[in-house]
$ cat data05.txt   # compact mmCIF, C-alpha atoms
# COMPACT_ATOMS: atom_id res chain seq x y z
CA MET A 1 0.00 0.00 0.00
CA ARG A 2 2.80 2.37 0.96
CA LEU A 3 4.58 1.56 -2.29
CA LEU A 4 1.39 2.30 -4.21
CA ILE A 5 1.03 5.71 -2.53
CA ILE A 6 4.66 6.55 -3.29
CA LEU A 7 4.18 5.53 -6.92
CA VAL A 8 1.02 7.64 -7.22
CA LEU A 9 2.82 10.61 -5.67
CA ILE A 10 5.72 10.23 -8.10
CA LEU A 11 3.30 10.02 -11.00
CA LEU A 12 1.37 13.09 -9.82
CA THR A 13 4.57 15.05 -9.26
CA THR A 14 5.98 14.26 -12.68
CA SER A 15 2.66 14.75 -14.48
CA CYS A 16 2.25 18.20 -12.90
CA GLU A 17 5.64 19.41 -14.05
CA PRO A 18 5.32 22.81 -15.64
CA ARG A 19 5.93 23.06 -19.35
CA LEU A 20 6.94 25.84 -21.67
CA GLU A 21 6.00 25.87 -25.34
CA ASN A 22 7.91 23.34 -27.45
CA ASN A 23 9.93 24.29 -30.52
CA VAL A 24 9.61 28.05 -30.11
CA ARG A 25 12.12 30.90 -29.73
CA ALA A 26 10.95 34.50 -29.67
CA GLN A 27 13.05 37.62 -29.52
CA LEU A 28 12.41 40.46 -27.11
CA SER A 29 13.97 43.87 -27.67
CA ALA A 30 13.33 47.13 -25.86
CA ARG A 31 14.82 50.53 -25.12
CA VAL A 32 14.62 52.02 -21.64
CA LEU A 33 14.68 55.78 -21.11
CA THR A 34 14.29 58.37 -18.38
CA ALA A 35 11.38 60.82 -18.56
CA SER A 36 13.79 63.24 -20.28
CA ASN A 37 14.60 60.67 -23.01
CA ILE A 38 18.04 59.74 -21.71
CA PRO A 39 18.91 56.04 -22.16
CA ILE A 40 19.30 54.07 -18.92
CA PRO A 41 22.07 51.43 -18.95
CA ASP A 42 22.22 48.28 -16.77
CA VAL A 43 18.47 47.89 -16.38
CA GLU A 44 17.60 44.24 -15.75
CA VAL A 45 14.79 43.42 -18.14
CA THR A 46 13.22 40.05 -17.31
CA ALA A 47 10.40 38.41 -19.22
CA PHE A 48 8.50 36.03 -16.99
CA ASN A 49 5.36 34.06 -16.74
CA GLU A 50 3.20 33.77 -13.68
CA ASN A 51 2.48 30.38 -12.26
CA PHE A 52 -1.11 30.03 -11.14
CA ILE A 53 -0.76 26.39 -10.14
CA ASN A 54 0.82 26.93 -6.73
CA ILE A 55 -1.51 26.26 -3.83
CA ASP A 56 0.68 28.29 -1.52
CA PRO A 57 2.89 30.47 -3.71
CA TYR A 58 4.94 31.73 -0.78
CA SER A 59 6.19 28.28 0.08
CA LEU A 60 6.40 26.77 -3.41
CA ALA A 61 7.55 29.74 -5.46
CA LYS A 62 10.53 28.93 -7.65
CA PHE A 63 11.69 32.51 -8.19
CA SER A 64 12.64 35.28 -5.79
CA ALA A 65 9.30 37.02 -6.17
CA PRO A 66 6.44 34.52 -5.86
CA GLU A 67 4.44 36.07 -8.68
CA GLN A 68 7.34 35.85 -11.11
CA ASP A 69 7.71 32.18 -11.75
CA PHE A 70 9.08 31.03 -15.09
CA ILE A 71 11.91 33.10 -16.46
CA LEU A 72 11.36 33.36 -20.20
CA GLY A 73 14.33 35.60 -20.89
CA THR A 74 16.56 38.11 -19.16
CA GLY A 75 19.16 40.72 -20.10
CA LEU A 76 20.73 44.05 -19.19
CA THR A 77 20.39 47.24 -21.20
CA ASP A 78 23.56 48.61 -22.82
CA GLU A 79 24.79 52.23 -22.79
CA ASN A 80 22.07 53.10 -25.32
CA GLY A 81 19.41 51.68 -23.02
CA VAL A 82 18.81 48.82 -25.48
CA VAL A 83 18.32 45.17 -24.59
CA SER A 84 17.65 42.22 -26.88
CA TYR A 85 17.53 38.52 -26.11
CA VAL A 86 16.14 35.10 -26.98
CA MET A 87 12.87 34.44 -25.21
CA LEU A 88 10.93 31.26 -24.45
CA LEU A 89 7.13 31.21 -24.38
CA ASN A 90 4.43 29.75 -22.20
CA ASN A 91 0.93 29.26 -23.50
CA ASN A 92 -0.73 28.96 -20.12
CA SER A 93 -0.77 32.63 -19.22
CA GLY A 94 0.38 35.99 -20.50
CA THR A 95 3.93 37.21 -20.68
CA ARG A 96 5.05 39.99 -18.36
CA VAL A 97 8.22 42.03 -18.29
CA ALA A 98 9.83 43.32 -15.10
CA LEU A 99 12.32 46.20 -15.23
CA LEU A 100 14.74 46.64 -12.34
CA ALA A 101 17.21 49.52 -12.15
CA ASP A 102 19.14 51.22 -9.36
CA GLY A 103 17.18 54.15 -7.99
CA TYR A 104 13.95 53.22 -9.74
CA PRO A 105 10.95 51.33 -8.43
CA GLU A 106 10.26 48.02 -10.20
CA THR A 107 8.12 48.45 -13.30
CA ILE A 108 5.94 45.62 -14.60
CA ILE A 109 4.53 45.57 -18.11
CA ASP A 110 1.90 43.10 -19.30
CA LEU A 111 2.35 42.03 -22.90
CA ALA A 112 -0.53 41.24 -25.21
CA ASP A 113 0.94 37.99 -26.57
CA SER A 114 -1.56 37.80 -29.43
CA ASN A 115 0.14 40.85 -30.97
CA TYR A 116 3.44 39.08 -31.20
CA LYS A 117 2.65 35.39 -31.67
CA GLU A 118 2.65 35.63 -35.45
CA ASP A 119 6.21 36.79 -36.01
CA LEU A 120 7.55 36.11 -32.48
CA GLU A 121 9.29 39.51 -32.45
CA TYR A 122 8.49 41.17 -29.13
CA VAL A 123 9.62 44.70 -29.95
CA LEU A 124 8.74 47.11 -27.15
CA GLU A 125 8.81 50.80 -27.89
CA ASP A 126 10.62 53.18 -25.56
CA ILE A 127 9.89 52.33 -21.95
CA VAL A 128 10.08 55.30 -19.58
CA LEU A 129 11.19 54.71 -16.00
CA LYS A 130 10.36 57.23 -13.28
CA LYS A 131 12.02 57.56 -9.88
CA SER A 132 10.28 57.39 -6.53
CA SER A 133 9.48 60.52 -4.60
CA GLU A 134 8.59 60.83 -0.92
CA ILE A 135 6.07 63.60 -0.39
CA ILE A 136 5.14 65.33 2.84
CA LEU A 137 2.10 67.56 2.66
CA GLU A 138 0.95 69.74 5.56
CA MET A 139 -2.60 71.00 5.86
CA VAL A 140 -2.52 74.06 8.18
CA ASN A 141 -5.70 75.36 9.79
CA THR A 142 -5.46 79.15 9.33
CA SER A 143 -9.18 79.83 9.08
CA GLY A 144 -10.25 78.39 12.40
CA ALA A 145 -12.36 75.73 10.69
CA SER A 146 -13.92 73.36 13.19
CA ASN A 147 -15.61 70.71 11.04
CA SER A 148 -13.43 67.84 9.92
CA PHE A 149 -13.43 67.16 6.16
CA ASN A 150 -11.98 64.80 3.59
CA VAL A 151 -9.21 65.55 1.13
CA ASP A 152 -8.56 63.60 -2.07
CA PHE A 153 -5.02 63.10 -3.30
CA ILE A 154 -4.36 61.87 -6.84
CA TYR A 155 -0.86 61.15 -8.13
CA GLU A 156 1.08 58.76 -10.33
CA SER A 157 2.09 55.77 -8.28
CA SER A 158 5.02 53.39 -8.54
CA PHE A 159 2.46 50.61 -8.01
CA CYS A 160 1.63 50.92 -11.65
CA SER A 161 0.56 48.32 -14.17
CA GLN A 162 1.38 49.00 -17.77
CA PHE A 163 -0.15 47.17 -20.66
CA ASN A 164 1.65 46.77 -23.94
CA GLU A 165 -0.58 46.96 -26.98
CA GLN A 166 0.91 46.69 -30.47
CA GLY A 167 4.37 47.27 -29.04
CA ILE A 168 3.43 50.53 -27.28
CA SER A 169 3.39 50.59 -23.49
CA GLU A 170 0.35 52.29 -22.06
CA ASP A 171 -0.35 53.23 -18.46
CA PHE A 172 -3.08 50.94 -17.27
CA ASP A 173 -3.64 51.77 -13.65
CA CYS A 174 -1.01 54.27 -12.58
CA ASN A 175 -3.05 57.06 -11.02
CA PHE A 176 -3.33 56.45 -7.31
CA PHE A 177 -6.36 57.83 -5.49
CA ASN A 178 -6.17 58.42 -1.75
CA ARG A 179 -8.92 59.97 0.41
CA LEU A 180 -7.86 61.10 3.88
CA SER A 181 -9.61 62.92 6.68
CA VAL A 182 -8.39 66.29 8.07
CA ASP A 183 -8.75 66.65 11.81
CA THR A 184 -9.43 70.35 12.34
CA THR A 185 -8.74 70.14 16.08
CA GLU A 186 -5.07 69.83 15.11
CA MET A 187 -3.35 73.00 13.90
CA VAL A 188 -1.29 71.00 11.37
CA ASN A 189 -2.23 67.70 9.70
CA GLU A 190 0.75 66.03 8.08
CA PHE A 191 0.35 63.46 5.30
CA GLU A 192 3.13 61.35 3.82
CA PHE A 193 3.12 59.56 0.47
CA PHE A 194 5.87 57.08 -0.33
CA ASN A 195 4.73 55.56 -3.59
CA ALA A 196 4.64 58.63 -5.85
CA VAL A 197 6.95 58.93 -8.86
CA TYR A 198 8.56 61.94 -10.52
CA PRO A 199 8.45 63.82 -12.79
CA GLY A 200 4.74 63.98 -12.09
CA SER A 201 2.12 65.92 -10.23
CA LEU A 202 0.01 65.72 -7.10
CA LEU A 203 -3.60 66.85 -7.37
CA VAL A 204 -5.29 67.83 -4.09
CA ARG A 205 -9.09 68.23 -3.93
CA TYR A 206 -11.22 69.30 -1.01
CA THR A 207 -14.09 71.62 -0.07
CA ASP A 208 -13.10 74.75 1.89
CA VAL A 209 -14.90 76.23 4.93
CA GLN A 210 -17.11 78.37 2.67
CA GLY A 211 -18.23 75.25 0.86
CA ASN A 212 -16.28 75.99 -2.32
CA PRO A 213 -14.54 73.13 -4.11
CA VAL A 214 -10.76 73.62 -4.19
CA GLU A 215 -8.29 71.95 -6.55
CA GLN A 216 -4.57 72.46 -6.21
CA THR A 217 -1.81 70.85 -8.28
CA PHE A 218 1.79 70.43 -7.12
CA ILE A 219 4.60 69.52 -9.51
CA ILE A 220 6.70 66.58 -8.28
CA SER A 221 10.27 66.94 -9.51
CA ASN A 222 12.48 65.78 -6.63
CA PRO A 223 13.02 62.63 -4.58
CA ASN A 224 11.70 64.52 -1.55
CA GLU A 225 8.96 67.13 -1.73
CA ASN A 226 7.31 69.21 1.00
CA TYR A 227 4.06 71.06 0.32
CA VAL A 228 1.87 73.22 2.52
CA ILE A 229 -1.82 74.00 2.11
CA ASN A 230 -3.46 76.63 4.27
CA TYR A 231 -7.18 76.20 4.72
CA MET B 1 12.73 21.12 -45.86
CA ARG B 2 14.17 21.54 -49.37
CA ILE B 3 17.66 22.02 -47.93
CA MET B 4 17.18 18.93 -45.78
CA LEU B 5 16.17 16.79 -48.77
CA SER B 6 19.03 18.00 -50.92
CA ILE B 7 21.54 17.35 -48.15
CA THR B 8 20.06 13.89 -47.59
CA ARG B 9 20.28 13.09 -51.30
CA ALA B 10 23.81 14.44 -51.56
CA SER B 11 24.89 12.43 -48.53
CA ILE B 12 23.41 9.21 -49.96
CA VAL B 13 25.16 9.78 -53.29
CA ILE B 14 28.48 10.48 -51.56
CA PHE B 15 28.04 7.41 -49.39
CA LEU B 16 27.25 5.13 -52.32
CA LEU B 17 30.19 6.52 -54.27
CA PHE B 18 32.45 6.06 -51.27
CA THR B 19 31.30 2.49 -50.65
CA SER B 20 31.73 1.51 -54.29
CA ILE B 21 35.29 2.89 -54.35
CA MET B 22 36.14 1.23 -51.06
CA SER B 23 34.54 -2.00 -52.20
CA ALA B 24 36.83 -2.03 -55.23
CA GLN B 25 39.79 -1.45 -52.98
CA GLN B 26 38.70 -4.04 -50.52
CA ASP B 27 40.04 -6.96 -52.51
CA SER B 28 43.54 -5.62 -52.10
CA LEU B 29 43.01 -5.01 -48.38
CA LYS B 30 41.77 -8.48 -47.64
CA THR B 31 44.38 -10.53 -45.94
CA ILE B 32 42.09 -13.22 -44.72
CA SER B 33 43.15 -16.45 -46.22
CA ASP B 34 40.90 -17.57 -49.01
CA ASN B 35 41.12 -21.01 -47.62
CA LYS B 36 39.87 -20.02 -44.18
CA GLU B 37 36.17 -20.49 -43.71
CA GLN B 38 34.56 -17.12 -43.07
CA PHE B 39 32.51 -16.58 -39.92
CA LYS B 40 28.97 -15.81 -41.07
CA ARG B 41 27.39 -13.03 -39.06
CA LYS B 42 23.70 -12.36 -38.54
CA PHE B 43 23.27 -9.62 -35.96
CA SER B 44 25.56 -7.16 -34.26
CA PHE B 45 24.63 -5.54 -30.95
CA ALA B 46 26.52 -2.38 -30.03
CA PHE B 47 26.78 -0.69 -26.63
CA SER B 48 28.60 2.60 -26.60
CA LEU B 49 29.72 5.64 -24.64
CA ARG B 50 30.38 8.87 -26.44
CA ASN B 51 31.62 12.39 -26.16
CA VAL B 52 29.25 14.88 -27.82
CA ASN B 53 30.55 18.16 -29.21
CA PRO B 54 28.00 20.67 -30.50
CA THR B 55 29.61 22.55 -33.35
CA GLY B 56 28.90 25.00 -36.14
CA ASP B 57 27.52 28.46 -36.58
CA ASN B 58 24.18 27.85 -34.88
CA PHE B 59 22.57 27.84 -31.43
CA ALA B 60 23.97 24.39 -30.62
CA GLY B 61 27.54 25.21 -31.62
CA GLU B 62 27.54 28.60 -29.95
CA GLY B 63 25.32 28.06 -26.94
CA LEU B 64 25.76 24.46 -25.76
CA SER B 65 28.68 22.82 -23.98
CA ASN B 66 30.19 19.41 -24.69
CA GLY B 67 28.51 16.44 -23.08
CA LEU B 68 28.58 12.72 -22.51
CA GLY B 69 26.18 10.10 -23.72
CA GLY B 70 25.56 6.51 -24.53
CA GLY B 71 23.81 4.40 -27.06
CA LEU B 72 22.44 1.04 -28.12
CA GLY B 73 22.39 -0.24 -31.65
CA ILE B 74 21.54 -3.37 -33.54
CA HIS B 75 22.27 -4.18 -37.13
CA TYR B 76 21.50 -7.06 -39.40
CA TYR B 77 23.93 -8.30 -42.04
CA MET B 78 22.11 -8.45 -45.35
CA THR B 79 25.24 -9.84 -46.95
CA HIS B 80 28.63 -10.56 -45.46
CA ASP B 81 29.53 -6.85 -45.50
CA PHE B 82 26.37 -4.89 -46.03
CA TYR B 83 24.10 -4.20 -43.07
CA ILE B 84 21.02 -2.28 -41.97
CA GLY B 85 20.15 -1.34 -38.42
CA GLY B 86 18.64 0.95 -35.87
CA ALA B 87 19.98 2.80 -32.84
CA LEU B 88 18.95 4.74 -29.76
CA GLU B 89 21.23 7.35 -28.24
CA TYR B 90 21.03 9.43 -25.10
CA ASP B 91 23.24 12.46 -24.39
CA GLY B 92 23.51 14.95 -21.56
CA LEU B 93 24.43 18.53 -22.46
CA ARG B 94 24.57 21.81 -20.57
CA ILE B 95 23.96 25.39 -21.60
CA ASP B 96 26.99 27.62 -22.08
CA ASP B 97 25.23 30.86 -23.00
CA ILE B 98 21.57 31.53 -22.21
CA SER B 99 21.61 34.72 -24.30
CA ILE B 100 21.95 32.46 -27.38
CA VAL B 101 19.62 29.56 -26.55
CA GLY B 102 17.24 30.97 -23.92
CA PRO B 103 17.02 30.66 -20.13
CA TYR B 104 17.39 26.96 -19.36
CA GLU B 105 20.17 24.91 -17.84
CA ARG B 106 20.45 21.45 -19.29
CA ILE B 107 19.45 19.23 -22.17
CA THR B 108 18.85 15.53 -22.44
CA LYS B 109 19.15 14.69 -26.12
CA PHE B 110 17.59 11.53 -27.57
CA ASN B 111 18.33 10.19 -31.03
CA THR B 112 16.45 7.37 -32.74
CA TYR B 113 17.46 6.46 -36.25
CA ILE B 114 17.83 3.71 -38.80
CA TYR B 115 20.94 3.27 -40.86
CA VAL B 116 22.62 1.37 -43.66
CA GLY B 117 26.29 0.59 -43.68
CA TYR B 118 29.17 -1.32 -45.10
CA GLU B 119 31.94 -3.20 -43.35
CA PHE B 120 35.46 -3.17 -44.79
CA THR B 121 37.74 -5.96 -43.68
CA ILE B 122 41.26 -4.68 -43.14
CA ASN B 123 42.76 -7.84 -41.68
CA ASP B 124 41.94 -10.62 -39.24
CA GLN B 125 41.66 -8.23 -36.32
CA PHE B 126 40.60 -4.87 -37.71
CA ARG B 127 37.52 -3.80 -39.59
CA LEU B 128 36.24 -0.45 -40.69
CA LEU B 129 32.48 0.19 -40.52
CA SER B 130 30.88 3.10 -42.24
CA ASP B 131 27.21 3.96 -42.16
CA ILE B 132 24.64 6.63 -42.80
CA GLY B 133 21.43 7.02 -40.84
CA TYR B 134 18.28 9.06 -40.72
CA GLY B 135 15.83 9.53 -37.88
CA HIS B 136 14.43 11.74 -35.18
CA THR B 137 16.08 13.77 -32.46
CA GLU B 138 14.59 15.35 -29.39
CA ASN B 139 16.22 17.83 -27.03
CA ARG B 140 14.47 17.67 -23.68
CA ASN B 141 15.30 21.01 -22.11
CA ARG B 142 15.01 21.85 -18.44
CA GLN B 143 15.30 25.05 -16.44
CA ASN B 144 16.98 25.14 -13.04
CA VAL B 145 15.02 25.98 -9.90
CA ASP B 146 15.85 29.69 -10.06
CA GLN B 147 14.61 29.83 -13.64
CA GLY B 148 11.32 28.19 -12.69
CA GLY B 149 12.07 24.51 -13.25
CA ALA B 150 9.97 24.25 -16.40
CA LYS B 151 10.52 21.75 -19.22
CA PHE B 152 10.10 21.95 -22.95
CA LYS B 153 11.33 20.19 -26.10
CA ASP B 154 13.10 21.00 -29.33
CA THR B 155 12.62 18.29 -31.95
CA GLY B 156 13.85 17.67 -35.45
CA GLY B 157 15.07 15.33 -38.15
CA LEU B 158 18.47 13.74 -37.88
CA LEU B 159 21.00 12.85 -40.56
CA ARG B 160 23.95 10.94 -39.17
CA ILE B 161 27.15 9.79 -40.80
CA GLY B 162 29.42 7.56 -38.76
CA THR B 163 32.40 5.36 -38.99
CA SER B 164 34.22 3.11 -36.56
CA LEU B 165 37.36 1.07 -36.34
CA ASP B 166 36.60 -2.34 -34.83
CA PHE B 167 39.19 -4.44 -33.02
CA LEU B 168 38.05 -8.05 -32.98
CA ILE B 169 38.76 -10.00 -29.83
CA SER B 170 37.02 -12.99 -31.32
CA ASP B 171 34.59 -13.65 -34.16
CA LYS B 172 31.77 -12.76 -31.78
CA MET B 173 33.10 -9.72 -29.97
CA ALA B 174 34.85 -6.46 -30.81
CA PHE B 175 35.78 -3.16 -29.27
CA TYR B 176 35.38 -0.12 -31.43
CA VAL B 177 36.15 3.57 -31.57
CA GLY B 178 35.12 6.14 -34.12
CA PRO B 179 33.74 9.53 -35.01
CA SER B 180 30.25 10.40 -36.13
CA TYR B 181 28.68 13.59 -37.34
CA GLU B 182 25.06 14.58 -36.82
CA TYR B 183 23.22 17.13 -38.86
CA VAL B 184 19.93 18.04 -37.14
CA PHE B 185 17.10 19.90 -38.90
CA TYR B 186 15.22 21.43 -36.01
CA ASP B 187 11.48 22.15 -36.19
CA ILE B 188 11.94 25.28 -34.07
CA ASP B 189 9.61 28.13 -34.91
CA ALA B 190 11.83 31.16 -34.33
CA ALA B 191 11.57 34.91 -34.74
CA ARG B 192 12.83 35.99 -38.15
CA SER B 193 16.02 37.44 -36.73
CA LEU B 194 16.78 34.08 -35.05
CA GLU B 195 15.69 31.69 -37.82
CA THR B 196 19.13 30.91 -39.25
CA ASN B 197 20.49 30.24 -35.78
CA PHE B 198 17.76 27.79 -34.79
CA GLU B 199 17.01 25.92 -38.01
CA ARG B 200 19.81 23.41 -37.59
CA GLY B 201 22.37 21.99 -35.19
CA ASN B 202 25.59 20.06 -35.75
CA TYR B 203 27.16 17.58 -33.39
CA PHE B 204 30.50 15.84 -33.72
CA ASN B 205 30.83 12.75 -31.57
CA ILE B 206 33.62 10.38 -30.59
CA THR B 207 32.27 6.95 -29.67
CA LEU B 208 33.83 4.09 -27.74
CA GLY B 209 31.96 0.81 -27.59
CA ILE B 210 31.68 -2.90 -27.56
CA ARG B 211 30.07 -5.00 -30.25
CA LEU B 212 28.59 -8.47 -29.82
CA ILE B 213 28.05 -10.50 -32.98
CA THR B 214 25.73 -13.47 -33.42
CA PRO B 215 26.38 -16.14 -36.05
CA LYS B 216 24.01 -17.17 -38.80
$ encode --input "data05.txt" --output "structure tokens"
Amino acid sequence: MRLLIILVLILLTTSCEPRLENNVRAQLSARVLTASNIPIPDVEVTAFNENFINIDPYSLAKFSAPEQDFILGTGLTDENGVVSYVMLLNNNSGTRVALLADGYPETIIDLADSNYKEDLEYVLEDIVLKKSSEIILEMVNTSGASNSFNVDFIYESSFCSQFNEQGISEDFDCNFFNRLSVDTTEMVNEFEFFNAVYPGSLLVRYTDVQGNPVEQTFIISNPNENYVINY
Amino acid sequence: MRIMLSITRASIVIFLLFTSIMSAQQDSLKTISDNKEQFKRKFSFAFSLRNVNPTGDNFAGEGLSNGLGGGLGIHYYMTHDFYIGGALEYDGLRIDDISIVGPYERITKFNTYIYVGYEFTINDQFRLLSDIGYGHTENRNRQNVDQGGAKFKDTGGLLRIGTSLDFLISDKMAFYVGPSYEYVFYDIDAARSLETNFERGNYFNITLGIRLITPK
């Protein structure tokens, strides 16, 4: 009986082995730039494929990040910000590309495989990387307002999904919306945001004590920004 | 496919030409006494070890490392010198450069083919075997754990030309050594910029083996 169980386990283990697509080699090429169109060298560009089979991805993951399972191809950008390499394919789920560079938050791009399957040339247009910015914003009660109110903050976040359609990367869900409450009993309310990127902007929306809607935009252009709003 | 056919035809023509020339020369090489009764062979079973060297201007030659393998073969003597047979081979190879072949670590390569050949008798102890075969090859590729541990295959047609020098210990047993050359026509569907690199692979092998011969 024990032997039978062991045999069944061996069979199950081997039959569940993950497979990539047979007899296929694609080519991925991309150029990575800053927001001011300067090429970024030494960016690690990794094509990967998520594994949805894991019951507990944190214990069974085969790659450093649990959601990045099968490495389909990897390479570093040269001094022109260009990378090109042989890529494997997996039919089970879509291909994603992770970009890792010093001083930049990780960027993930989803690729629409159907666009590339025909000629197997995964040519990505210029990919722009933005740096992280830590923002501190102070709301100062100068009007003597006594009723607490909500403030909306909208900014481009590093927790951003991009989707690549026809070779062009498009922002999919990069604008981060955050609604926070201002406690008017405090003279100064301080808010911190750690996942903003620059160059970019921070839009602040609230209703002032007279009941007028207020919109204020701050330009984010440094790794650390401090803004003050008097209400 | 057209290239594959033309190479196959050219190889067969060269082989037939070669065997006819060697056959003509064979009479002068024969030192076996005409009076001695010749041992009539029926089957030959070969067991071999081999060193595999990917070569050429392609993904195998540029991206794979040398490896070791083994094989089994059986051939049947149609006449005293002319034989047909089949063989299975198994080789282990590793990846030298993932930027050329893709991110995986090792390959188990299987060959199955049939062949025709001719045996030249040099003297009582030495014989030269030369054959040409055609069949199927399969590279079973595997990633390491860090790469995800996935598996996939590269398959293709195989044209193999081989020769060996046999040292006869007795009429029924021989040790042999010899080179062989494999020309693989891979079925890999590659991006246009990679097509020439992945359409074929060449392997040069040095084989060491033992042959057991059964009488008629």
$ interface_residues --input "data05.txt" --of "chain B" --to "chain A" --cutoff "9 Å" --atoms "all atoms listed in the file" --output "ChimeraX atom specification"
/B:98-104,143,145-155,186-195,198
$ residues_near_point --input "data05.txt" --point "(15.7, 60.8, -18.5)" --cutoff "12 Å" --atoms "only C-alpha atoms" --output "list of chain:residue names"
A:Val32, A:Leu33, A:Thr34, A:Ala35, A:Ser36, A:Asn37, A:Ile38, A:Pro39, A:Ile40, A:Pro41, A:Gly81, A:Tyr104, A:Asp126, A:Ile127, A:Val128, A:Leu129, A:Lys130, A:Lys131, A:Tyr198, A:Pro199
$ atom_distance --input "data05.txt" --atom1 "CA of Asn91 in chain A" --atom2 "CA of Asp91 in chain B"
27.9 Å
$ axis_aligned_box --input "data05.txt" --around "range 95-114 of chain B" --padding-each-side "6 Å" --output "AutoDock Vina command-line options"
--center_x 21.7 --center_y 19.2 --center_z -28.3 --size_x 22.5 --size_y 43.0 --size_z 33.0
$ residues_around --input "data05.txt" --residues "Ile136 in chain A" --least-positions-apart "4" --cutoff "7 Å" --atoms "all atoms listed in the file" --output "ChimeraX atom specification"
/A:190-193,225-227
$ decode --input "data05.txt" --residues "range 168-173 of chain B" --atoms "all heavy atoms" --output "short mmCIF file (atom, residue, chain, number, x, y, z; two decimals), in the first residue's frame"
data_model
loop_
_atom_site.label_atom_id
_atom_site.label_comp_id
_atom_site.auth_asym_id
_atom_site.auth_seq_id
_atom_site.Cartn_x
_atom_site.Cartn_y
_atom_site.Cartn_z
N LEU B 168 38.72 -6.80 -33.29
CA LEU B 168 38.05 -8.05 -32.98
C LEU B 168 38.83 -8.85 -31.94
O LEU B 168 40.01 -9.18 -32.15
CB LEU B 168 37.89 -8.90 -34.25
CG LEU B 168 36.65 -8.61 -35.10
CD1 LEU B 168 36.76 -7.29 -35.81
CD2 LEU B 168 36.39 -9.76 -36.05
N ILE B 169 38.16 -9.14 -30.85
CA ILE B 169 38.76 -10.00 -29.83
C ILE B 169 38.52 -11.45 -30.23
O ILE B 169 39.36 -12.33 -30.03
CB ILE B 169 38.13 -9.72 -28.45
CG1 ILE B 169 38.40 -8.26 -28.08
CG2 ILE B 169 38.67 -10.65 -27.39
CD1 ILE B 169 37.58 -7.80 -26.92
N SER B 170 37.36 -11.68 -30.77
CA SER B 170 37.02 -12.99 -31.32
C SER B 170 36.06 -12.75 -32.48
O SER B 170 35.74 -11.60 -32.79
CB SER B 170 36.36 -13.86 -30.25
OG SER B 170 35.08 -13.35 -29.96
N ASP B 171 35.57 -13.82 -33.08
CA ASP B 171 34.59 -13.65 -34.16
C ASP B 171 33.30 -13.03 -33.64
O ASP B 171 32.51 -12.46 -34.40
CB ASP B 171 34.27 -15.01 -34.79
CG ASP B 171 35.41 -15.47 -35.69
OD1 ASP B 171 36.17 -14.60 -36.17
OD2 ASP B 171 35.54 -16.69 -35.89
N LYS B 172 33.06 -13.18 -32.33
CA LYS B 172 31.77 -12.76 -31.78
C LYS B 172 31.84 -11.48 -30.96
O LYS B 172 30.82 -11.04 -30.41
CB LYS B 172 31.19 -13.89 -30.91
CG LYS B 172 30.86 -15.12 -31.71
CD LYS B 172 30.33 -16.20 -30.80
CE LYS B 172 30.03 -17.46 -31.61
NZ LYS B 172 29.61 -18.57 -30.75
N MET B 173 33.00 -10.90 -30.83
CA MET B 173 33.10 -9.72 -29.97
C MET B 173 34.18 -8.77 -30.47
O MET B 173 35.25 -9.21 -30.90
CB MET B 173 33.42 -10.18 -28.54
CG MET B 173 33.35 -9.08 -27.53
SD MET B 173 33.66 -9.81 -25.90
CE MET B 173 33.50 -8.39 -24.88
#
